[in-house]
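query-v5.txt, holding compact mmCIF, C-alpha atoms:
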```
# COMPACT_ATOMS: atom_id res chain seq x y z
CA MET A 1 -12.95 14.23 53.85
CA GLY A 2 -9.29 13.32 54.12
CA ARG A 3 -6.59 15.89 53.74
CA ILE A 4 -3.19 15.58 52.15
CA THR A 5 -0.02 17.21 53.45
CA ALA A 6 1.68 19.70 51.16
CA SER A 7 5.04 21.36 51.68
CA ILE A 8 6.79 24.12 49.78
CA ALA A 9 10.52 24.16 49.11
CA GLY A 10 11.56 27.74 48.49
CA GLY A 11 8.68 29.60 50.06
CA SER A 12 10.02 33.12 50.49
CA GLY A 13 9.51 34.32 46.91
CA TYR A 14 6.36 35.53 45.22
CA THR A 15 5.26 32.18 43.80
CA GLY A 16 6.00 30.49 47.14
CA GLY A 17 3.89 33.06 48.96
CA GLU A 18 1.07 32.70 46.48
CA LEU A 19 1.19 28.91 46.82
CA LEU A 20 1.02 29.23 50.59
CA ARG A 21 -1.98 31.58 50.36
CA LEU A 22 -3.81 29.06 48.18
CA LEU A 23 -2.85 25.95 50.14
CA LEU A 24 -3.78 27.45 53.53
CA ALA A 25 -7.31 28.02 52.25
CA HIS A 26 -7.57 24.71 50.40
CA PRO A 27 -10.27 22.42 51.83
CA ARG A 28 -8.28 19.22 51.21
CA VAL A 29 -4.77 20.33 52.18
CA GLU A 30 -2.79 20.64 55.38
CA VAL A 31 0.35 22.71 54.92
CA GLY A 32 3.40 20.87 56.29
CA GLN A 33 6.58 22.89 55.92
CA VAL A 34 7.73 25.93 54.02
CA THR A 35 11.45 26.34 53.49
CA SER A 36 13.82 29.24 53.11
CA GLU A 37 17.53 28.95 53.76
CA ARG A 38 18.05 32.62 54.46
CA ARG A 39 14.99 32.96 56.69
CA ALA A 40 15.00 29.58 58.45
CA GLY A 41 13.38 29.87 61.89
CA LYS A 42 11.64 33.15 61.07
CA ARG A 43 7.87 33.58 60.67
CA VAL A 44 6.60 33.24 57.12
CA VAL A 45 4.30 36.25 57.59
CA GLY A 46 7.45 38.35 57.84
CA VAL A 47 7.73 38.11 54.04
CA HIS A 48 4.10 37.28 53.25
CA PRO A 49 2.23 39.89 55.32
CA ASN A 50 -1.11 39.12 53.63
CA LEU A 51 -1.07 35.81 55.55
CA ARG A 52 -1.11 37.33 59.06
CA LYS A 53 -3.61 35.49 61.25
CA ARG A 54 -3.71 32.73 58.63
CA THR A 55 -0.61 30.86 59.74
CA ASN A 56 1.94 30.68 62.54
CA LEU A 57 4.40 28.72 60.41
CA ALA A 58 8.10 29.49 60.53
CA PHE A 59 10.45 28.73 57.65
CA SER A 60 12.33 25.42 57.75
CA ARG A 61 15.59 24.44 56.09
CA ILE A 62 15.41 22.40 52.92
CA ASP A 63 17.50 19.63 54.54
CA ASP A 64 14.87 19.34 57.30
CA LEU A 65 12.00 18.59 54.93
CA GLN A 66 9.83 15.71 56.19
CA ARG A 67 7.88 13.32 54.05
CA CYS A 68 4.65 14.76 52.65
CA ASP A 69 2.05 13.84 50.04
CA VAL A 70 2.93 16.60 47.62
CA LEU A 71 6.02 18.78 47.48
CA PHE A 72 5.92 22.07 45.59
CA LEU A 73 9.26 23.46 44.44
CA ALA A 74 9.34 27.24 44.15
CA LEU A 75 13.11 27.46 44.04
CA PRO A 76 15.22 29.64 41.75
CA HIS A 77 15.78 28.19 38.29
CA GLY A 78 18.59 25.66 38.43
CA ALA A 79 18.14 24.76 42.10
CA SER A 80 15.59 21.98 41.73
CA GLY A 81 17.43 20.32 38.84
CA GLU A 82 20.42 19.52 41.03
CA ARG A 83 18.46 18.02 43.96
CA MET A 84 15.54 16.38 42.21
CA ASP A 85 16.54 12.86 43.26
CA ARG A 86 16.13 13.81 46.89
CA PHE A 87 12.87 15.69 46.33
CA LEU A 88 11.37 12.65 44.61
CA GLU A 89 12.17 10.62 47.76
CA ILE A 90 10.42 13.11 50.05
CA ALA A 91 7.05 13.06 48.29
CA PRO A 92 5.26 10.70 45.91
CA VAL A 93 4.16 13.77 43.92
CA VAL A 94 6.48 16.67 43.09
CA ILE A 95 5.29 19.84 41.35
CA ASP A 96 8.18 22.03 40.22
CA LEU A 97 7.44 25.67 39.44
CA SER A 98 10.90 26.36 38.04
CA ALA A 99 11.98 25.92 34.43
CA ASP A 100 14.28 23.00 35.21
CA PHE A 101 12.02 20.23 33.90
CA ARG A 102 9.74 22.02 31.45
CA LEU A 103 11.51 20.92 28.29
CA ARG A 104 11.40 17.27 27.34
CA GLU A 105 14.54 17.22 25.22
CA ALA A 106 17.87 17.63 27.04
CA GLU A 107 19.53 19.29 24.04
CA GLU A 108 17.11 22.22 24.35
CA TYR A 109 18.68 23.27 27.68
CA PRO A 110 22.05 24.45 26.31
CA ARG A 111 20.19 26.26 23.53
CA TRP A 112 17.80 28.18 25.80
CA TYR A 113 19.35 28.07 29.26
CA GLY A 114 23.04 28.06 28.36
CA HIS A 115 24.02 24.90 30.24
CA PRO A 116 23.58 21.15 29.93
CA HIS A 117 20.77 19.64 31.99
CA PRO A 118 22.03 18.12 35.27
CA HIS A 119 19.52 15.22 35.19
CA PRO A 120 18.50 14.49 31.59
CA ASP A 121 17.37 11.01 32.67
CA LEU A 122 14.53 12.58 34.69
CA LEU A 123 13.16 14.91 32.01
CA LYS A 124 10.77 12.35 30.53
CA ARG A 125 9.22 11.70 33.94
CA PHE A 126 7.79 15.22 34.06
CA VAL A 127 4.43 16.19 32.65
CA TYR A 128 4.28 19.74 31.29
CA GLY A 129 1.99 21.62 33.65
CA ILE A 130 -0.79 23.13 31.54
CA PRO A 131 -3.86 21.07 32.53
CA GLU A 132 -5.85 22.10 29.47
CA LEU A 133 -3.26 20.28 27.31
CA HIS A 134 -2.10 17.49 29.61
CA ARG A 135 -4.93 16.70 32.03
CA ALA A 136 -5.02 12.98 31.26
CA GLU A 137 -1.28 12.54 31.88
CA MET A 138 -1.48 14.57 35.09
CA ARG A 139 -3.94 12.18 36.69
CA SER A 140 -1.22 9.59 37.19
CA ALA A 141 1.91 11.78 37.11
CA ASN A 142 4.41 11.75 39.96
CA ALA A 143 6.30 14.72 38.59
CA ILE A 144 4.73 17.83 37.10
CA SER A 145 6.63 20.84 35.78
CA SER A 146 4.62 24.04 35.97
CA ALA A 147 4.66 26.06 32.75
CA GLY A 148 6.24 29.51 32.37
CA CYS A 149 3.86 32.43 32.88
CA LEU A 150 4.37 34.07 29.48
CA ALA A 151 4.31 30.65 27.83
CA THR A 152 1.05 29.72 29.56
CA ALA A 153 -0.77 32.79 28.25
CA ALA A 154 0.61 32.45 24.73
CA ILE A 155 0.08 28.69 24.46
CA LEU A 156 -3.49 28.79 25.76
CA GLY A 157 -4.33 31.52 23.25
CA LEU A 158 -2.78 29.68 20.31
CA TYR A 159 -3.45 26.03 21.10
CA PRO A 160 -6.95 25.69 19.55
CA LEU A 161 -5.75 27.08 16.21
CA PHE A 162 -2.84 24.64 16.11
CA ALA A 163 -4.95 21.70 17.31
CA GLU A 164 -7.38 22.29 14.45
CA GLU A 165 -4.50 22.62 11.95
CA LEU A 166 -5.64 26.09 10.92
CA VAL A 167 -2.22 27.74 11.11
CA ASP A 168 -0.09 28.39 8.03
CA ARG A 169 3.12 26.84 9.35
CA ALA A 170 5.14 28.40 6.53
CA LYS A 171 4.73 31.76 8.25
CA PRO A 172 5.93 32.69 11.72
CA VAL A 173 3.47 33.24 14.53
CA VAL A 174 4.35 36.60 16.05
CA VAL A 175 3.80 36.70 19.80
CA GLU A 176 4.17 39.91 21.79
CA VAL A 177 3.74 39.58 25.55
CA LYS A 178 3.36 42.34 28.08
CA THR A 179 4.20 41.54 31.69
CA GLY A 180 4.09 43.12 35.13
CA SER A 181 7.02 43.38 37.50
CA SER A 182 6.27 40.40 39.79
CA GLY A 183 7.23 38.02 36.98
CA ALA A 184 10.83 39.01 37.58
CA GLY A 185 10.71 37.50 41.09
CA ALA A 186 11.35 38.81 44.58
CA GLU A 187 15.10 39.34 44.18
CA GLU A 188 15.80 43.03 43.88
CA GLY A 189 18.04 44.52 41.21
CA LEU A 190 18.61 47.82 39.46
CA ALA A 191 16.02 46.99 36.78
CA SER A 192 13.35 46.53 39.47
CA HIS A 193 14.38 49.56 41.55
CA HIS A 194 11.30 51.76 41.74
CA PRO A 195 12.65 54.86 39.97
CA GLU A 196 13.89 52.65 37.14
CA ARG A 197 10.89 50.30 36.87
CA SER A 198 8.00 52.64 37.53
CA GLY A 199 6.18 53.79 34.42
CA VAL A 200 8.19 51.68 31.98
CA MET A 201 7.16 50.22 28.66
CA ARG A 202 10.46 48.39 28.33
CA SER A 203 11.35 45.89 25.66
CA PHE A 204 13.41 43.53 27.77
CA LYS A 205 13.63 40.51 25.50
CA PRO A 206 12.79 41.33 21.86
CA THR A 207 14.25 37.98 20.73
CA GLY A 208 15.54 34.79 22.30
CA HIS A 209 13.17 34.60 25.29
CA ARG A 210 13.39 31.20 27.01
CA HIS A 211 9.65 30.67 27.03
CA THR A 212 9.81 30.42 23.23
CA ALA A 213 11.08 26.87 23.78
CA GLU A 214 7.87 25.96 25.61
CA LEU A 215 5.73 27.28 22.76
CA GLU A 216 7.77 25.32 20.22
CA GLN A 217 7.43 22.16 22.29
CA GLU A 218 3.73 22.40 23.04
CA LEU A 219 2.58 23.61 19.63
CA THR A 220 4.52 21.02 17.64
CA GLY A 221 2.16 19.03 15.44
CA PRO A 222 1.41 15.31 15.69
CA SER A 223 3.92 14.51 12.95
CA GLY A 224 6.65 16.57 14.60
CA GLU A 225 6.24 19.74 12.56
CA ARG A 226 7.54 22.59 14.71
CA PRO A 227 5.96 26.01 14.62
CA THR A 228 8.01 29.10 13.89
CA ILE A 229 7.52 31.36 16.88
CA ALA A 230 8.68 35.01 16.82
CA PHE A 231 8.40 35.96 20.47
CA SER A 232 9.01 39.35 22.11
CA ALA A 233 8.50 40.45 25.70
CA THR A 234 7.81 43.90 27.11
CA ALA A 235 7.69 45.03 30.74
CA VAL A 236 4.79 47.34 31.51
CA GLU A 237 3.44 49.28 34.47
CA ALA A 238 1.76 46.57 36.53
CA VAL A 239 2.73 44.33 39.44
CA ARG A 240 0.74 41.29 38.31
CA GLY A 241 -0.53 40.35 34.88
CA VAL A 242 0.44 39.02 31.47
CA LEU A 243 -1.21 39.87 28.18
CA ALA A 244 -0.06 37.83 25.18
CA THR A 245 -1.02 39.20 21.76
CA SER A 246 -0.34 36.73 18.96
CA HIS A 247 -0.59 37.23 15.21
CA VAL A 248 -1.46 34.04 13.36
CA PHE A 249 -1.71 33.62 9.60
CA LEU A 250 -4.18 30.95 8.54
CA ARG A 251 -3.93 28.26 5.91
CA LYS A 252 -7.24 29.26 4.37
CA PRO A 253 -9.89 31.94 4.81
CA THR A 254 -12.30 31.52 7.70
CA THR A 255 -15.02 33.45 9.51
CA GLU A 256 -15.38 34.78 13.03
CA ARG A 257 -18.25 32.35 13.63
CA ASP A 258 -16.01 29.43 12.72
CA LEU A 259 -13.29 30.72 15.02
CA TRP A 260 -15.85 30.96 17.82
CA LYS A 261 -16.70 27.31 17.18
CA VAL A 262 -13.03 26.29 17.27
CA TYR A 263 -12.39 28.03 20.58
CA ARG A 264 -15.68 26.93 22.09
CA SER A 265 -15.15 23.31 21.16
CA CYS A 266 -11.66 23.37 22.70
CA TYR A 267 -12.39 25.35 25.85
CA GLY A 268 -16.18 25.27 26.34
CA THR A 269 -15.99 22.95 29.35
CA GLU A 270 -12.71 24.21 30.79
CA PRO A 271 -13.26 25.61 34.28
CA PHE A 272 -10.52 28.22 34.06
CA ILE A 273 -10.70 29.44 30.47
CA ARG A 274 -13.19 32.10 29.46
CA LEU A 275 -13.75 33.31 25.93
CA VAL A 276 -13.83 37.09 26.02
CA LYS A 277 -14.85 38.88 22.85
CA GLU A 278 -17.64 41.34 23.28
CA ASN A 279 -19.08 44.10 21.17
CA SER A 280 -19.67 46.62 23.89
CA GLY A 281 -18.44 47.64 27.29
CA VAL A 282 -14.99 48.58 28.51
CA PHE A 283 -13.52 45.09 28.87
CA ARG A 284 -14.20 43.74 25.38
CA TYR A 285 -11.05 41.67 25.15
CA PRO A 286 -8.95 39.85 27.74
CA GLU A 287 -7.55 42.23 30.35
CA PRO A 288 -5.15 41.03 33.05
CA LYS A 289 -6.14 43.73 35.52
CA ILE A 290 -9.46 42.12 36.49
CA LEU A 291 -7.85 38.67 36.79
CA THR A 292 -5.66 39.67 39.73
CA GLY A 293 -5.65 36.81 42.23
CA SER A 294 -7.79 34.54 40.03
CA ASN A 295 -6.80 31.40 38.15
CA TYR A 296 -8.61 32.33 34.96
CA CYS A 297 -7.08 32.65 31.54
CA ASP A 298 -9.24 34.91 29.41
CA VAL A 299 -8.87 34.30 25.68
CA GLY A 300 -10.18 36.49 22.86
CA PHE A 301 -9.55 36.94 19.16
CA GLU A 302 -10.30 39.14 16.18
CA LEU A 303 -10.16 38.11 12.54
CA ASP A 304 -8.40 40.32 9.99
CA GLU A 305 -10.12 38.96 6.87
CA GLU A 306 -8.09 41.06 4.46
CA ASN A 307 -4.81 39.47 5.56
CA ASN A 308 -6.17 36.09 6.63
CA ARG A 309 -4.75 36.85 10.08
CA VAL A 310 -6.14 36.17 13.52
CA VAL A 311 -5.04 38.33 16.42
CA VAL A 312 -5.32 36.26 19.58
CA MET A 313 -5.25 37.84 23.01
CA ALA A 314 -4.77 35.85 26.22
CA ALA A 315 -4.60 37.32 29.72
CA ILE A 316 -3.63 35.81 33.06
CA ASP A 317 -2.37 36.72 36.52
CA ASN A 318 1.23 35.55 36.17
CA LEU A 319 1.42 34.41 39.79
CA MET A 320 -1.84 32.46 39.52
CA LYS A 321 -2.60 30.78 36.18
CA GLY A 322 1.01 31.58 35.27
CA ALA A 323 2.48 29.83 38.32
CA SER A 324 0.98 28.94 41.71
CA GLY A 325 -2.69 28.75 40.73
CA GLN A 326 -1.91 26.47 37.82
CA ALA A 327 0.26 24.31 40.12
CA VAL A 328 -2.62 23.93 42.59
CA GLN A 329 -4.93 23.11 39.67
CA ALA A 330 -2.48 20.36 38.70
CA MET A 331 -2.45 19.07 42.28
CA ASN A 332 -6.26 18.98 42.29
CA ILE A 333 -6.25 16.89 39.13
CA ARG A 334 -3.52 14.57 40.40
CA PHE A 335 -5.31 13.90 43.71
CA ASP A 336 -8.76 13.74 42.15
CA PHE A 337 -10.04 16.80 44.04
CA PRO A 338 -12.58 19.11 42.39
CA GLU A 339 -10.45 21.04 39.89
CA GLU A 340 -11.61 24.42 41.23
CA ALA A 341 -10.90 23.59 44.89
CA GLY A 342 -9.04 26.44 46.53
CA LEU A 343 -9.11 28.43 43.29
CA GLU A 344 -12.61 29.91 43.39
CA PHE A 345 -11.61 33.58 43.70
CA ALA A 346 -13.09 35.56 40.81
CA GLY A 347 -10.72 38.54 40.77
CA LEU A 348 -11.66 42.13 41.58
CA HIS A 349 -13.51 44.86 39.78
CA PRO A 350 -12.86 47.70 39.98
CA ILE A 351 -9.24 47.43 40.93
CA MET B 1 -37.04 29.21 22.46
CA GLU B 2 -33.47 28.19 21.75
CA THR B 3 -31.56 29.38 18.73
CA GLU B 4 -28.12 30.33 17.47
CA CYS B 5 -26.45 33.72 17.80
CA PRO B 6 -25.76 35.08 14.29
CA GLU B 7 -22.55 36.69 15.54
CA CYS B 8 -20.76 33.89 17.42
CA ALA B 9 -22.92 30.79 16.82
CA GLY B 10 -23.46 30.45 20.57
CA THR B 11 -26.73 29.14 21.98
CA VAL B 12 -29.27 31.79 22.97
CA SER B 13 -32.24 30.70 25.11
CA ILE B 14 -35.25 32.95 25.55
CA ALA B 15 -38.06 31.84 27.88
CA ALA B 16 -41.01 33.77 26.41
CA PRO B 17 -39.85 35.43 23.22
CA GLU B 18 -41.75 38.27 21.58
CA LYS B 19 -41.14 39.57 18.12
CA GLY B 20 -39.08 42.77 18.28
CA GLU B 21 -37.67 41.93 21.68
CA ILE B 22 -33.99 42.80 22.16
CA VAL B 23 -31.88 40.18 23.93
CA GLU B 24 -28.19 39.83 24.68
CA CYS B 25 -26.13 36.84 23.60
CA PRO B 26 -24.76 35.23 26.78
CA GLU B 27 -21.50 34.33 25.03
CA CYS B 28 -20.41 37.37 23.04
CA GLY B 29 -22.70 40.00 24.53
CA VAL B 30 -24.01 41.25 21.18
CA GLU B 31 -27.53 42.71 21.16
CA LEU B 32 -29.99 40.66 19.12
CA GLU B 33 -33.51 41.30 17.92
CA VAL B 34 -36.09 38.52 17.85
CA VAL B 35 -37.21 38.76 14.21
CA SER B 36 -39.28 35.59 14.27
CA VAL B 37 -40.66 33.36 17.01
CA SER B 38 -41.72 30.42 14.89
CA PRO B 39 -39.38 29.42 13.44
CA PRO B 40 -37.02 31.06 15.95
CA ALA B 41 -34.71 33.65 14.40
CA LEU B 42 -32.48 36.40 15.69
CA ALA B 43 -30.83 39.29 13.87
CA LEU B 44 -28.05 41.59 14.95
CA ALA B 45 -29.37 44.73 16.56
CA PRO B 46 -26.31 46.93 16.24
CA GLU B 47 -25.78 49.35 19.06
CA GLU B 48 -24.70 52.89 18.39
CA GLU B 49 -20.98 53.05 17.89
CA GLU B 50 -19.34 54.43 20.97
CA ASP B 51 -16.06 56.19 21.39
CA TRP B 52 -14.12 53.52 23.22
CA GLY B 53 -11.04 55.64 23.71
CA GLU B 54 -7.68 54.92 22.20
```

Could you take the file, read its structure, and then write that structure out as structure tokens?
Amino acid sequence: MGRITASIAGGSGYTGGELLRLLLAHPRVEVGQVTSERRAGKRVVGVHPNLRKRTNLAFSRIDDLQRCDVLFLALPHGASGERMDRFLEIAPVVIDLSADFRLREAEEYPRWYGHPHPHPDLLKRFVYGIPELHRAEMRSANAISSAGCLATAAILGLYPLFAEELVDRAKPVVVEVKTGSSGAGAEEGLASHHPERSGVMRSFKPTGHRHTAELEQELTGPSGERPTIAFSATAVEAVRGVLATSHVFLRKPTTERDLWKVYRSCYGTEPFIRLVKENSGVFRYPEPKILTGSNYCDVGFELDEENNRVVVMAAIDNLMKGASGQAVQAMNIRFDFPEEAGLEFAGLHPI
Amino acid sequence: METECPECAGTVSIAAPEKGEIVECPECGVELEVVSVSPPALALAPEEEEDWGE
């Protein structure tokens, strides 16, 4: 079986390290280069100690990147947007984990990111990176933009209800996401300093979170009707994990059995989505803790018949299905590898 | 026998069903009682409520 060469631009952060862990174990991939400007020449295991005895690679400089089959960009937001022309010359397939090419419409960037897009001409070339929504486009895409972690969990929970036109669009969909600390990245700051971060239940973005734009984009109906998304984010005591709890008001009354059918028909054959709604046991609904290191998105729901409301819960590991795992899944689809290749880890229990 | 879970409408397969047998739905995990073999029929067999902790 032939192997492709994959390189990572910006490999010293958490998503870069997670990508490297996955790619080193991938049966169809040879890792080419991993870049870091600050750590060029130094061993990658210096910042990714879990990879000791897995690789002898040292960090390269971004300007020294050689041609490869697929280039992953795990750079800070804003950094890939400026250099995308060059990245597209280095590899026939580019998968960008930053937010720089997630939104299709250039005018959304000033609204959500506070600046005009540096390359609006390239936006339409990118496929939004949730395979469950865009698998067919990914098969021939040369540019894929990995989805935001909070957006991934929320969208995957809500998508079946929107696809089946069950949502009362006159009412907002309220989405509350809880996230662990690794979602904030590897750059230290006062908010992530241990005495400040440890034990928090901190509302850090009650309104105006940038991932709202991804929900609006992906849940817009076929005739262009945008959903009203009321999105809030809370930091909780965890390193990895996202739990999105969404409150959806329906157009007409339904039953739990019908909701089961909707979710099963949408996700029944998806390799990385599990419907989790059980009547007994400790883990009755999606729980990020047991997904640590896995690429699963667990989705559950509960119907509030009195208010014609569905509460949808979706859980992921933010560094996996919310970033690097989902990017490798996209690569597998693009190169026609088995979709689960390199992503077989089931998570841990107990943990 | 193959029939539908009354809770989640998932498919429940039982190799050698016996009336009164308790089985678990593979999709939603609810306990079900085989109330009829021919025609195949299942009914919810509610477990005792447990204190799940809050």

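Straight-line separation from atom CA of Gly20 of chain B to atom CA of Ala41 of chain B: 10.8 Å.
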
Quiz item: Counting only C-alpha atoms, what is within 8 Å of Pro76 of chain A, bar same-chain residues fewer than 2 positions away, as a list in words?
Solution: Gly10, Ala74, Gly78, Ala79, Ser80 and Ser98 of chain A

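With distances taken over all atoms listed in the file, A:Arg257 is the one residue among A:His193, A:Lys53, A:Lys252, A:Arg257 lying closest to chain B.
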
Quiz prompt | Closest of A:Asp258, A:Glu270, A:Asp317, A:Glu107 to chain B - atom-to-atom distances counting all atoms listed in the file | solution = A:Asp258

Practice problem: Could you tell me which of A:Asp64, A:Glu306, A:Asp121, A:Glu18 comes closest to Lys321 of chain A if we count all atoms listed in the file? | Solution: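 Answer, going by the shortest atom-to-atom distance: A:Glu18.
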
Self-check item: Interatomic distance, atom CA of Ile90 of chain A to atom CA of Leu65 of chain A (Å, one decimal)
Solution: 7.5 Å

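In this model, the gap between atom CA of Val242 of chain A and atom CA of Ala141 of chain A comes to 27.9 Å.
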
Determine, for each residue of chain A having at least one atom at most 8 Å from an atom of chain B, the closest pair of atoms and their separation in Å to one decimal, counting all atoms listed in the file; order by chain and ascending number, as JSON lines.
```
{"residue": "A:Glu256", "atom": "CA", "partner": "B:Cys8", "partner_atom": "CA", "distance": 7.0}
{"residue": "A:Arg257", "atom": "CA", "partner": "B:Cys8", "partner_atom": "CA", "distance": 4.8}
{"residue": "A:Trp260", "atom": "CA", "partner": "B:Cys8", "partner_atom": "CA", "distance": 5.7}
{"residue": "A:Lys261", "atom": "CA", "partner": "B:Ala9", "partner_atom": "CA", "distance": 7.1}
{"residue": "A:Leu275", "atom": "CA", "partner": "B:Glu27", "partner_atom": "CA", "distance": 7.9}
{"residue": "A:Val276", "atom": "CA", "partner": "B:Cys28", "partner_atom": "CA", "distance": 7.2}
{"residue": "A:Lys277", "atom": "CA", "partner": "B:Cys28", "partner_atom": "CA", "distance": 5.8}
{"residue": "A:Glu278", "atom": "CA", "partner": "B:Cys28", "partner_atom": "CA", "distance": 4.8}
{"residue": "A:Asn279", "atom": "CA", "partner": "B:Val30", "partner_atom": "CA", "distance": 5.7}
{"residue": "A:Ser280", "atom": "CA", "partner": "B:Gly29", "partner_atom": "CA", "distance": 7.3}
{"residue": "A:Val282", "atom": "CA", "partner": "B:Trp52", "partner_atom": "CA", "distance": 7.3}
```

Practice problem: For segment 326-334 of chain A, please output as a VMD selection string all residues within 8 Å (counting all atoms listed in the file; exclusion window: fewer than 6 positions along the same chain). | Solution: chain A and resid 19 22 to 23 70 95 97 129 to 131 135 138 to 141 144 146 295 320 340 to 343

Please write the residues from the selection above to a file, keeping C-alpha atoms, as a CSV table (one decimal), keeping the file's coordinate frame.
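The result, stored in part.csv:
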```
chain,number,residue,atom,x,y,z
A,19,LEU,CA,1.2,28.9,46.8
A,22,LEU,CA,-3.8,29.1,48.2
A,23,LEU,CA,-2.8,26.0,50.1
A,70,VAL,CA,2.9,16.6,47.6
A,95,ILE,CA,5.3,19.8,41.4
A,97,LEU,CA,7.4,25.7,39.4
A,129,GLY,CA,2.0,21.6,33.6
A,130,ILE,CA,-0.8,23.1,31.5
A,131,PRO,CA,-3.9,21.1,32.5
A,135,ARG,CA,-4.9,16.7,32.0
A,138,MET,CA,-1.5,14.6,35.1
A,139,ARG,CA,-3.9,12.2,36.7
A,140,SER,CA,-1.2,9.6,37.2
A,141,ALA,CA,1.9,11.8,37.1
A,144,ILE,CA,4.7,17.8,37.1
A,146,SER,CA,4.6,24.0,36.0
A,295,ASN,CA,-6.8,31.4,38.2
A,320,MET,CA,-1.8,32.5,39.5
A,340,GLU,CA,-11.6,24.4,41.2
A,341,ALA,CA,-10.9,23.6,44.9
A,342,GLY,CA,-9.0,26.4,46.5
A,343,LEU,CA,-9.1,28.4,43.3
```

Padding 3 Å on each side, edges along x, y and z: where is the centre of the box around the listed atoms of segment 12-30 of chain A, and how long are its edges in Å to one decimal? Output it as JSON.
```
{"center_x": -0.1, "center_y": 27.4, "center_z": 49.6, "size_x": 26.3, "size_y": 22.3, "size_z": 17.6}
```

Skip segment 35-37 of chain B itself and residues of its chain fewer than 2 positions away, then list as a PDB file with C-alpha atoms, keeping the file's coordinate frame all residues within 8 Å of it, counting all atoms listed in the file.
```pdb
ATOM      1  CA  MET B   1     -37.040  29.210  22.460  1.00  0.00           C
ATOM      2  CA  PRO B  17     -39.850  35.430  23.220  1.00  0.00           C
ATOM      3  CA  GLU B  18     -41.750  38.270  21.580  1.00  0.00           C
ATOM      4  CA  LYS B  19     -41.140  39.570  18.120  1.00  0.00           C
ATOM      5  CA  GLY B  20     -39.080  42.770  18.280  1.00  0.00           C
ATOM      6  CA  GLU B  33     -33.510  41.300  17.920  1.00  0.00           C
ATOM      7  CA  PRO B  39     -39.380  29.420  13.440  1.00  0.00           C
ATOM      8  CA  PRO B  40     -37.020  31.060  15.950  1.00  0.00           C
ATOM      9  CA  ALA B  41     -34.710  33.650  14.400  1.00  0.00           C
ATOM     10  CA  LEU B  42     -32.480  36.400  15.690  1.00  0.00           C
ATOM     11  CA  ALA B  43     -30.830  39.290  13.870  1.00  0.00           C
TER      12      ALA B  43
END
```

Quiz item: So which residues fall inside 8 Å of (5.8, 32.8, 32.4) if we count all atoms listed in the file? Mind giving them as a list of chain:residue names?
Solution: A:Ala147, A:Gly148, A:Cys149, A:Leu150, A:Ala151, A:Thr152, A:Ala153, A:Gly183, A:His211, A:Asn318, A:Gly322, A:Ala323

Please, could you write that set of residues out with C-alpha atoms as an mmCIF file, in the coordinates of the input?
```cif
data_model
loop_
_atom_site.group_PDB
_atom_site.id
_atom_site.type_symbol
_atom_site.label_atom_id
_atom_site.label_comp_id
_atom_site.auth_asym_id
_atom_site.auth_seq_id
_atom_site.Cartn_x
_atom_site.Cartn_y
_atom_site.Cartn_z
ATOM 1 C CA ALA A 147 4.660 26.060 32.750
ATOM 2 C CA GLY A 148 6.240 29.510 32.370
ATOM 3 C CA CYS A 149 3.860 32.430 32.880
ATOM 4 C CA LEU A 150 4.370 34.070 29.480
ATOM 5 C CA ALA A 151 4.310 30.650 27.830
ATOM 6 C CA THR A 152 1.050 29.720 29.560
ATOM 7 C CA ALA A 153 -0.770 32.790 28.250
ATOM 8 C CA GLY A 183 7.230 38.020 36.980
ATOM 9 C CA HIS A 211 9.650 30.670 27.030
ATOM 10 C CA ASN A 318 1.230 35.550 36.170
ATOM 11 C CA GLY A 322 1.010 31.580 35.270
ATOM 12 C CA ALA A 323 2.480 29.830 38.320
#
```

Practice problem: Give me the residues within 12 Å of His194 of chain A as a list in words, counting all atoms listed in the file and dropping any in the same chain fewer than 6 places off. | Solution: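 So, after excluding close chain neighbours, the residues are Ser181, Glu188, Val200, Glu237 and Val239 of chain A.
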
Exercise. Give as a ChimeraX atom specification the set of residues within 7 Å of the point (8.4, 40.1, 30.2), where distances use the file's coordinates and only C-alpha atoms.
Key: /A:177-179,204,233-235

Exercise. For Leu161 of chain A, work out the shell of residues within 9 Å, counting all atoms listed in the file and skipping chain neighbours fewer than 4 positions away, then give it as a PyMOL selection string.
Key: chain A and resi 157+165-167+248+250+259+262-263

Exercise. Choose the residue, out of A:Ala143, A:Leu71, A:Ala106, A:Ile4, that has the smallest atom-to-atom separation from Arg28 of chain A; count all atoms listed in the file.
Key: A:Ile4
